[in-house]
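Below is one structure, written out as structure tokens, with a few remarks after it.
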Number of protein chains: 2
Amino acid sequence: MTPAVVLLSGGLDSATALAAAGRRDGFACHALTVAYGQRHAVELEAASRVARQLGAVEHKVMQLDLRAFGGSALTSDVPVPKGRAEAEMASGIPVTYVPARNTIFLSLALAFAEVRGALDIYVGVNCQDYSGYPDCRPEFIAAFGSLANVATKAGVEGGRYTIHAPLIHLSKADIIKLGVSLGVDYSLTHSCYAPGPEGQACGACDSCVLRRAGFAAAGVADPTRYAS
Amino acid sequence: MTPAVVLLSGGLDSATALAAAGRRDGFACHALTVAYGQRHAVELEAASRVARQLGAVEHKVMQLDLRAFGGSALTSDVPVPKGRAEAEMASGIPVTYVPARNTIFLSLALAFAEVRGALDIYVGVNCQDYSGYPDCRPEFIAAFGSLANVATKAGVEGGRYTIHAPLIHLSKADIIKLGVSLGVDYSLTHSCYAPGPEGQACGACDSCVLRRAGFAAAGVADPTRYAS
């Protein structure tokens, strides 16, 4: 089987990307999770459960504490917004944007891919729900692919990297439908930006709002236990 | 003063790049060192000394252990080559190549720059001595600059990043002459890939060979104490 590296956060999107890479596209999946200073270990535990459920051949966790830079509600003490409607989320770059996060994550995935002899990298970015994140757009994915081919030994020696973003144009509902068709167990995933002390989803942050609305629109029972 | 981020390893090249950014080009320099699993703490100590000597306004050290991936003589137990002539070094990509290292480093520099409001990033790559490293070439630097502008909030909002590689076309001797003209104290820097237990330069690895030859060609006294 051909190897691929899959960025896996433990959320709904990256779980679906992993299923697309392995179960749909037939790659041997080397999952990579970056522990970047998330507020709660619950995301890392979710990533581990998802990697196991979906048959990743390997799951590597890299420690990289982006709280050293700060600059985001996810890496500093800036509060995570709660109770925003979807239209409001789409109106600009939210405070949950982490500077250059996906560039950093794809760079680490590229290193891992080169060491494992993989030329395929999967990332679960999505530009429908969040128009606001610059590093979730097709032009970003294309630019990273171009960079990968000039940045690496494999590229210089004639290998051509493909950065797969299978969810990039899908709605949250379509992502969930795709995942269900591939057997993703969404009860293992975690999306909330501001979970409670035992990892419960808050139900009110942007990520919870989009997740809940996605399950409703997909007509799929939402396995998440929301605090509100 | 306008801020810039400067990648600083503690070696000869990055010390010169820091001097070019601060003393020649007039930026307020935010130095960034990535502790990526180097075999010896001596490189980090050198980076700290150099940042102080050259007046960086800030020096951040990020921990990122690339030994988790391996794939290089600098991040695994593969021996560092010794006693190679310069012609031999130029004949291919050496085992000291670290997969995607400069992509990762520039990604971290980009995040740091975005948080600090800087649009200028300096990196001391050089394509003359080592034709072998893919991520030391002008096409890599150009591709990263293009990526930065689509990857970030600052780029989307109209900022234009400049990735400065002031040494990229210089010989080692010309780098040393530039640094001397800017007051770099090279006795504080460290280049050796395989230092002794007290940090002494081995004198035989590729990096020592190039450093020693560079000082000789520049006609500058080499302050390094080599073990052989």
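Scheme for the structure tokens: letters A, B, ... for chains in order shown; per-chain residue numbers from 1; ligand numbers from 1 in order shown.
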
message = So that I can see what lies close to Val220 of chain B, please list as a ChimeraX atom specification the residues with an atom at most 9 Å from it, counting only C-alpha atoms and leaving out residues fewer than 6 positions away in the same chain.
response = /B:173,176-177,180,214

With C-alpha atoms kept, could you save the residues just selected as a PDB file, in the first residue's frame?
```pdb
ATOM      1  CA  ALA B 173      34.556  34.004   2.775  1.00  0.00           C
ATOM      2  CA  ILE B 176      32.668  36.322   6.975  1.00  0.00           C
ATOM      3  CA  LYS B 177      33.854  39.596   5.449  1.00  0.00           C
ATOM      4  CA  VAL B 180      33.330  41.368  10.245  1.00  0.00           C
ATOM      5  CA  GLY B 214      36.040  30.408   4.680  1.00  0.00           C
TER       6      GLY B 214
END
```

key: Shell around Pro223 of chain A at 12 Å using only C-alpha atoms, local window under 6 positions removed, as an MDAnalysis selection string   = chainID A and resid 12 176 184:190 200:201 211:212 215:216

Write the residues of the preceding selection, restricted to N, CA and C atoms, as a PDB file, in the first residue's frame.
```
ATOM      1  N   LEU A  12     -13.962  16.609  13.887  1.00  0.00           N
ATOM      2  CA  LEU A  12     -14.848  16.000  12.891  1.00  0.00           C
ATOM      3  C   LEU A  12     -14.214  16.023  11.500  1.00  0.00           C
ATOM      4  N   ILE A 176     -20.132  15.364   6.993  1.00  0.00           N
ATOM      5  CA  ILE A 176     -20.686  14.346   7.891  1.00  0.00           C
ATOM      6  C   ILE A 176     -21.273  13.178   7.083  1.00  0.00           C
ATOM      7  N   VAL A 184     -17.053   6.487   9.722  1.00  0.00           N
ATOM      8  CA  VAL A 184     -16.454   7.269  10.811  1.00  0.00           C
ATOM      9  C   VAL A 184     -17.390   7.239  12.025  1.00  0.00           C
ATOM     10  N   ASP A 185     -16.831   6.973  13.172  1.00  0.00           N
ATOM     11  CA  ASP A 185     -17.609   7.019  14.423  1.00  0.00           C
ATOM     12  C   ASP A 185     -17.414   8.416  15.038  1.00  0.00           C
ATOM     13  N   TYR A 186     -18.371   9.299  14.761  1.00  0.00           N
ATOM     14  CA  TYR A 186     -18.204  10.687  15.196  1.00  0.00           C
ATOM     15  C   TYR A 186     -18.313  10.862  16.703  1.00  0.00           C
ATOM     16  N   SER A 187     -18.778   9.830  17.397  1.00  0.00           N
ATOM     17  CA  SER A 187     -18.814   9.953  18.868  1.00  0.00           C
ATOM     18  C   SER A 187     -17.397   9.998  19.446  1.00  0.00           C
ATOM     19  N   LEU A 188     -16.414   9.560  18.658  1.00  0.00           N
ATOM     20  CA  LEU A 188     -15.021   9.578  19.125  1.00  0.00           C
ATOM     21  C   LEU A 188     -14.356  10.924  18.909  1.00  0.00           C
ATOM     22  N   THR A 189     -14.967  11.786  18.109  1.00  0.00           N
ATOM     23  CA  THR A 189     -14.319  13.049  17.739  1.00  0.00           C
ATOM     24  C   THR A 189     -14.677  14.175  18.699  1.00  0.00           C
ATOM     25  N   HIS A 190     -13.860  15.220  18.650  1.00  0.00           N
ATOM     26  CA  HIS A 190     -14.062  16.365  19.540  1.00  0.00           C
ATOM     27  C   HIS A 190     -13.865  17.643  18.740  1.00  0.00           C
ATOM     28  N   GLN A 200     -16.548  17.977  28.088  1.00  0.00           N
ATOM     29  CA  GLN A 200     -17.852  18.169  27.443  1.00  0.00           C
ATOM     30  C   GLN A 200     -17.813  19.346  26.475  1.00  0.00           C
ATOM     31  N   ALA A 201     -18.460  19.176  25.334  1.00  0.00           N
ATOM     32  CA  ALA A 201     -18.579  20.265  24.364  1.00  0.00           C
ATOM     33  C   ALA A 201     -19.472  21.353  24.946  1.00  0.00           C
ATOM     34  N   ARG A 211     -20.844  22.396  14.165  1.00  0.00           N
ATOM     35  CA  ARG A 211     -20.970  20.939  14.246  1.00  0.00           C
ATOM     36  C   ARG A 211     -22.432  20.538  14.416  1.00  0.00           C
ATOM     37  N   ARG A 212     -23.077  21.188  15.357  1.00  0.00           N
ATOM     38  CA  ARG A 212     -24.474  20.863  15.659  1.00  0.00           C
ATOM     39  C   ARG A 212     -25.361  21.123  14.444  1.00  0.00           C
ATOM     40  N   PHE A 215     -24.802  18.375  11.688  1.00  0.00           N
ATOM     41  CA  PHE A 215     -25.514  17.112  11.910  1.00  0.00           C
ATOM     42  C   PHE A 215     -27.001  17.279  11.594  1.00  0.00           C
ATOM     43  N   ALA A 216     -27.569  18.412  12.031  1.00  0.00           N
ATOM     44  CA  ALA A 216     -28.992  18.653  11.765  1.00  0.00           C
ATOM     45  C   ALA A 216     -29.248  18.701  10.259  1.00  0.00           C
TER      46      ALA A 216
END
```

Nearest candidate to Val50 of chain A (options A:Ala68, A:Leu74, A:Val123, A:Ala19; using only C-alpha atoms) =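 Nearest candidate to Val50 of chain A out of A:Ala68, A:Leu74, A:Val123, A:Ala19: A:Ala19.
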
Give me, as a Markdown table, each residue of chain B that comes within 7 Å of chain A, together with its shortest interatomic pair and the distance in Å at one decimal, counting only C-alpha atoms, with rows ordered by chain and rising residue number.
```
| residue | atom | partner | partner_atom | distance |
| --- | --- | --- | --- | --- |
| B:Gln63 | CA | A:Leu64 | CA | 6.6 |
| B:Leu64 | CA | A:Leu64 | CA | 5.7 |
| B:Phe69 | CA | A:Phe112 | CA | 5.9 |
| B:Gly71 | CA | A:Val115 | CA | 5.4 |
| B:Pro99 | CA | A:Ala111 | CA | 5.0 |
| B:Ala100 | CA | A:Ala111 | CA | 4.9 |
| B:Thr103 | CA | A:Ser107 | CA | 5.9 |
| B:Ile104 | CA | A:Ser107 | CA | 5.1 |
| B:Ser107 | CA | A:Ile104 | CA | 5.1 |
| B:Leu108 | CA | A:Ile104 | CA | 6.4 |
| B:Leu110 | CA | A:Ala100 | CA | 6.4 |
| B:Ala111 | CA | A:Ala100 | CA | 4.9 |
| B:Phe112 | CA | A:Phe69 | CA | 5.9 |
| B:Glu114 | CA | A:Pro99 | CA | 6.2 |
| B:Val115 | CA | A:Gly71 | CA | 5.4 |
| B:Pro134 | CA | A:Ala151 | CA | 5.6 |
| B:Asp135 | CA | A:Ala151 | CA | 4.8 |
| B:Glu139 | CA | A:Val150 | CA | 6.9 |
| B:Phe140 | CA | A:Val150 | CA | 5.6 |
| B:Ala143 | CA | A:Leu147 | CA | 5.3 |
| B:Phe144 | CA | A:Leu147 | CA | 6.3 |
| B:Leu147 | CA | A:Ala143 | CA | 5.3 |
| B:Val150 | CA | A:Phe140 | CA | 5.6 |
| B:Ala151 | CA | A:Asp135 | CA | 4.8 |
| B:Thr152 | CA | A:Pro134 | CA | 5.7 |
| B:Lys153 | CA | A:Pro134 | CA | 6.1 |
| B:Val156 | CA | A:Pro134 | CA | 6.8 |
```

Close residues, His169 of chain B itself excluded, 10 Å, only C-alpha atoms, min 2 positions apart in chain, as a ChimeraX atom specification = /B:125-129,137-138,165-167,171-172,174-175

task = From segment 15-90 of chain B, collect each residue whose DSSP state is strand (DSSP E or B) and return the set as a ChimeraX atom specification.
result = /B:28-35,58-63,82

task = Could you please determine the separation between atom CA of Asp222 of chain A and atom CA of Cys208 of chain A in Å, to one decimal place?
result =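 Atom-to-atom, atom CA of Asp222 of chain A to atom CA of Cys208 of chain A, that is 11.2 Å.
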
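Atom CA of Glu58 of chain A sits 26.5 Å away from atom CA of Pro79 of chain B.
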
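Between atom CA of Ser191 of chain B and atom CA of Asp13 of chain B lies a distance of 8.8 Å.
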
Would you mind listing what lies within 6 Å of Val5 of chain B as a compact mmCIF listing (two decimals) with N, CA and C atoms, in the first residue's frame, with only C-alpha atoms counted and same-chain residues fewer than 4 positions away left out?
```txt
# COMPACT_ATOMS: atom_id res chain seq x y z
N CYS B 29 15.20 43.50 15.71
CA CYS B 29 15.26 42.06 15.41
C CYS B 29 14.69 41.20 16.53
N HIS B 30 13.70 40.40 16.17
CA HIS B 30 13.14 39.38 17.06
C HIS B 30 13.75 38.05 16.62
N ALA B 31 14.72 37.58 17.37
CA ALA B 31 15.43 36.36 16.97
C ALA B 31 14.63 35.13 17.39
N ALA B 113 6.32 36.22 13.25
CA ALA B 113 6.24 37.52 12.57
C ALA B 113 4.81 38.05 12.59
N ILE B 121 11.25 38.72 7.25
CA ILE B 121 11.83 37.54 7.88
C ILE B 121 13.21 37.32 7.26
```

key: alpha helix (DSSP H) per DSSP on the backbone: members of segment 63-203 of chain B, as a PyMOL selection string   = chain B and resi 86-89+101-116+138-151+153-156+172-181

Deliver the residues from the most recent selection as a file, using C-alpha atoms, as a PDB file, in the first residue's frame.
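Output file selection_25.pdb is given in full below:
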```pdb
ATOM      1  CA  GLU B  86      34.477  20.638  -0.617  1.00  0.00           C
ATOM      2  CA  ALA B  87      34.067  19.114  -4.077  1.00  0.00           C
ATOM      3  CA  GLU B  88      32.653  15.959  -2.530  1.00  0.00           C
ATOM      4  CA  MET B  89      30.133  17.945  -0.474  1.00  0.00           C
ATOM      5  CA  ARG B 101      13.745  21.734   8.041  1.00  0.00           C
ATOM      6  CA  ASN B 102      13.819  25.197   6.543  1.00  0.00           C
ATOM      7  CA  THR B 103      10.142  24.940   5.607  1.00  0.00           C
ATOM      8  CA  ILE B 104       9.360  24.205   9.250  1.00  0.00           C
ATOM      9  CA  PHE B 105      11.672  26.958  10.509  1.00  0.00           C
ATOM     10  CA  LEU B 106      10.256  29.569   8.143  1.00  0.00           C
ATOM     11  CA  SER B 107       6.707  28.508   9.084  1.00  0.00           C
ATOM     12  CA  LEU B 108       7.495  29.123  12.729  1.00  0.00           C
ATOM     13  CA  ALA B 109       9.161  32.420  11.830  1.00  0.00           C
ATOM     14  CA  LEU B 110       6.034  33.363   9.883  1.00  0.00           C
ATOM     15  CA  ALA B 111       3.814  32.687  12.892  1.00  0.00           C
ATOM     16  CA  PHE B 112       6.122  34.697  15.135  1.00  0.00           C
ATOM     17  CA  ALA B 113       6.242  37.521  12.569  1.00  0.00           C
ATOM     18  CA  GLU B 114       2.471  37.640  12.291  1.00  0.00           C
ATOM     19  CA  VAL B 115       2.059  37.856  16.066  1.00  0.00           C
ATOM     20  CA  ARG B 116       4.699  40.606  16.306  1.00  0.00           C
ATOM     21  CA  PRO B 138      16.508  30.901  -4.272  1.00  0.00           C
ATOM     22  CA  GLU B 139      13.485  29.065  -5.722  1.00  0.00           C
ATOM     23  CA  PHE B 140      12.649  27.738  -2.270  1.00  0.00           C
ATOM     24  CA  ILE B 141      12.858  31.217  -0.725  1.00  0.00           C
ATOM     25  CA  ALA B 142      10.659  32.638  -3.488  1.00  0.00           C
ATOM     26  CA  ALA B 143       8.072  29.872  -3.075  1.00  0.00           C
ATOM     27  CA  PHE B 144       7.922  30.440   0.663  1.00  0.00           C
ATOM     28  CA  GLY B 145       7.360  34.159   0.144  1.00  0.00           C
ATOM     29  CA  SER B 146       4.426  33.434  -2.163  1.00  0.00           C
ATOM     30  CA  LEU B 147       2.989  31.020   0.373  1.00  0.00           C
ATOM     31  CA  ALA B 148       3.308  33.510   3.234  1.00  0.00           C
ATOM     32  CA  ASN B 149       1.112  36.044   1.475  1.00  0.00           C
ATOM     33  CA  VAL B 150      -1.793  33.608   1.042  1.00  0.00           C
ATOM     34  CA  ALA B 151      -1.300  31.753   4.343  1.00  0.00           C
ATOM     35  CA  LYS B 153      -4.259  37.119   8.049  1.00  0.00           C
ATOM     36  CA  ALA B 154      -1.651  39.827   7.416  1.00  0.00           C
ATOM     37  CA  GLY B 155      -1.245  38.667   3.815  1.00  0.00           C
ATOM     38  CA  VAL B 156      -4.995  38.506   3.169  1.00  0.00           C
ATOM     39  CA  LYS B 172      31.625  31.583   2.997  1.00  0.00           C
ATOM     40  CA  ALA B 173      34.556  34.004   2.775  1.00  0.00           C
ATOM     41  CA  ASP B 174      32.256  36.847   1.673  1.00  0.00           C
ATOM     42  CA  ILE B 175      29.824  36.029   4.488  1.00  0.00           C
ATOM     43  CA  ILE B 176      32.668  36.322   6.975  1.00  0.00           C
ATOM     44  CA  LYS B 177      33.854  39.596   5.449  1.00  0.00           C
ATOM     45  CA  LEU B 178      30.317  40.988   5.645  1.00  0.00           C
ATOM     46  CA  GLY B 179      29.968  39.891   9.261  1.00  0.00           C
ATOM     47  CA  VAL B 180      33.330  41.368  10.245  1.00  0.00           C
ATOM     48  CA  SER B 181      32.337  44.682   8.644  1.00  0.00           C
TER      49      SER B 181
END
```

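In terms of minimum interatomic distance to Ala4 of chain A, A:Leu119 ranks closest within A:Leu119, A:Arg67, A:Gly37, A:Thr96, counting only C-alpha atoms.
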
Contacts of Val42 of chain B within 9 Å, only C-alpha atoms, excl. fewer than 5 positions in-chain, as a ChimeraX atom specification = /B:10,47,190,195,198-199

Would you write out those residues with N, CA and C atoms, as a PDB file, in the first residue's frame?
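Writing done, so here's selection14.pdb:
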```pdb
ATOM      1  N   GLY B  10      22.726  30.061  15.857  1.00  0.00           N
ATOM      2  CA  GLY B  10      23.961  30.158  16.629  1.00  0.00           C
ATOM      3  C   GLY B  10      25.190  29.890  15.778  1.00  0.00           C
ATOM      4  N   ALA B  47      23.497  30.619  20.186  1.00  0.00           N
ATOM      5  CA  ALA B  47      22.425  31.492  19.691  1.00  0.00           C
ATOM      6  C   ALA B  47      22.120  32.582  20.712  1.00  0.00           C
ATOM      7  N   HIS B 190      28.851  28.952  16.694  1.00  0.00           N
ATOM      8  CA  HIS B 190      29.192  27.530  16.685  1.00  0.00           C
ATOM      9  C   HIS B 190      28.688  26.918  15.386  1.00  0.00           C
ATOM     10  N   PRO B 195      30.186  18.218  17.731  1.00  0.00           N
ATOM     11  CA  PRO B 195      31.107  18.786  18.718  1.00  0.00           C
ATOM     12  C   PRO B 195      31.480  17.794  19.817  1.00  0.00           C
ATOM     13  N   GLU B 198      32.722  19.091  25.460  1.00  0.00           N
ATOM     14  CA  GLU B 198      32.682  20.466  25.968  1.00  0.00           C
ATOM     15  C   GLU B 198      32.415  21.484  24.865  1.00  0.00           C
ATOM     16  N   GLY B 199      31.883  20.984  23.748  1.00  0.00           N
ATOM     17  CA  GLY B 199      31.463  21.880  22.685  1.00  0.00           C
ATOM     18  C   GLY B 199      32.547  22.225  21.685  1.00  0.00           C
TER      19      GLY B 199
END
```
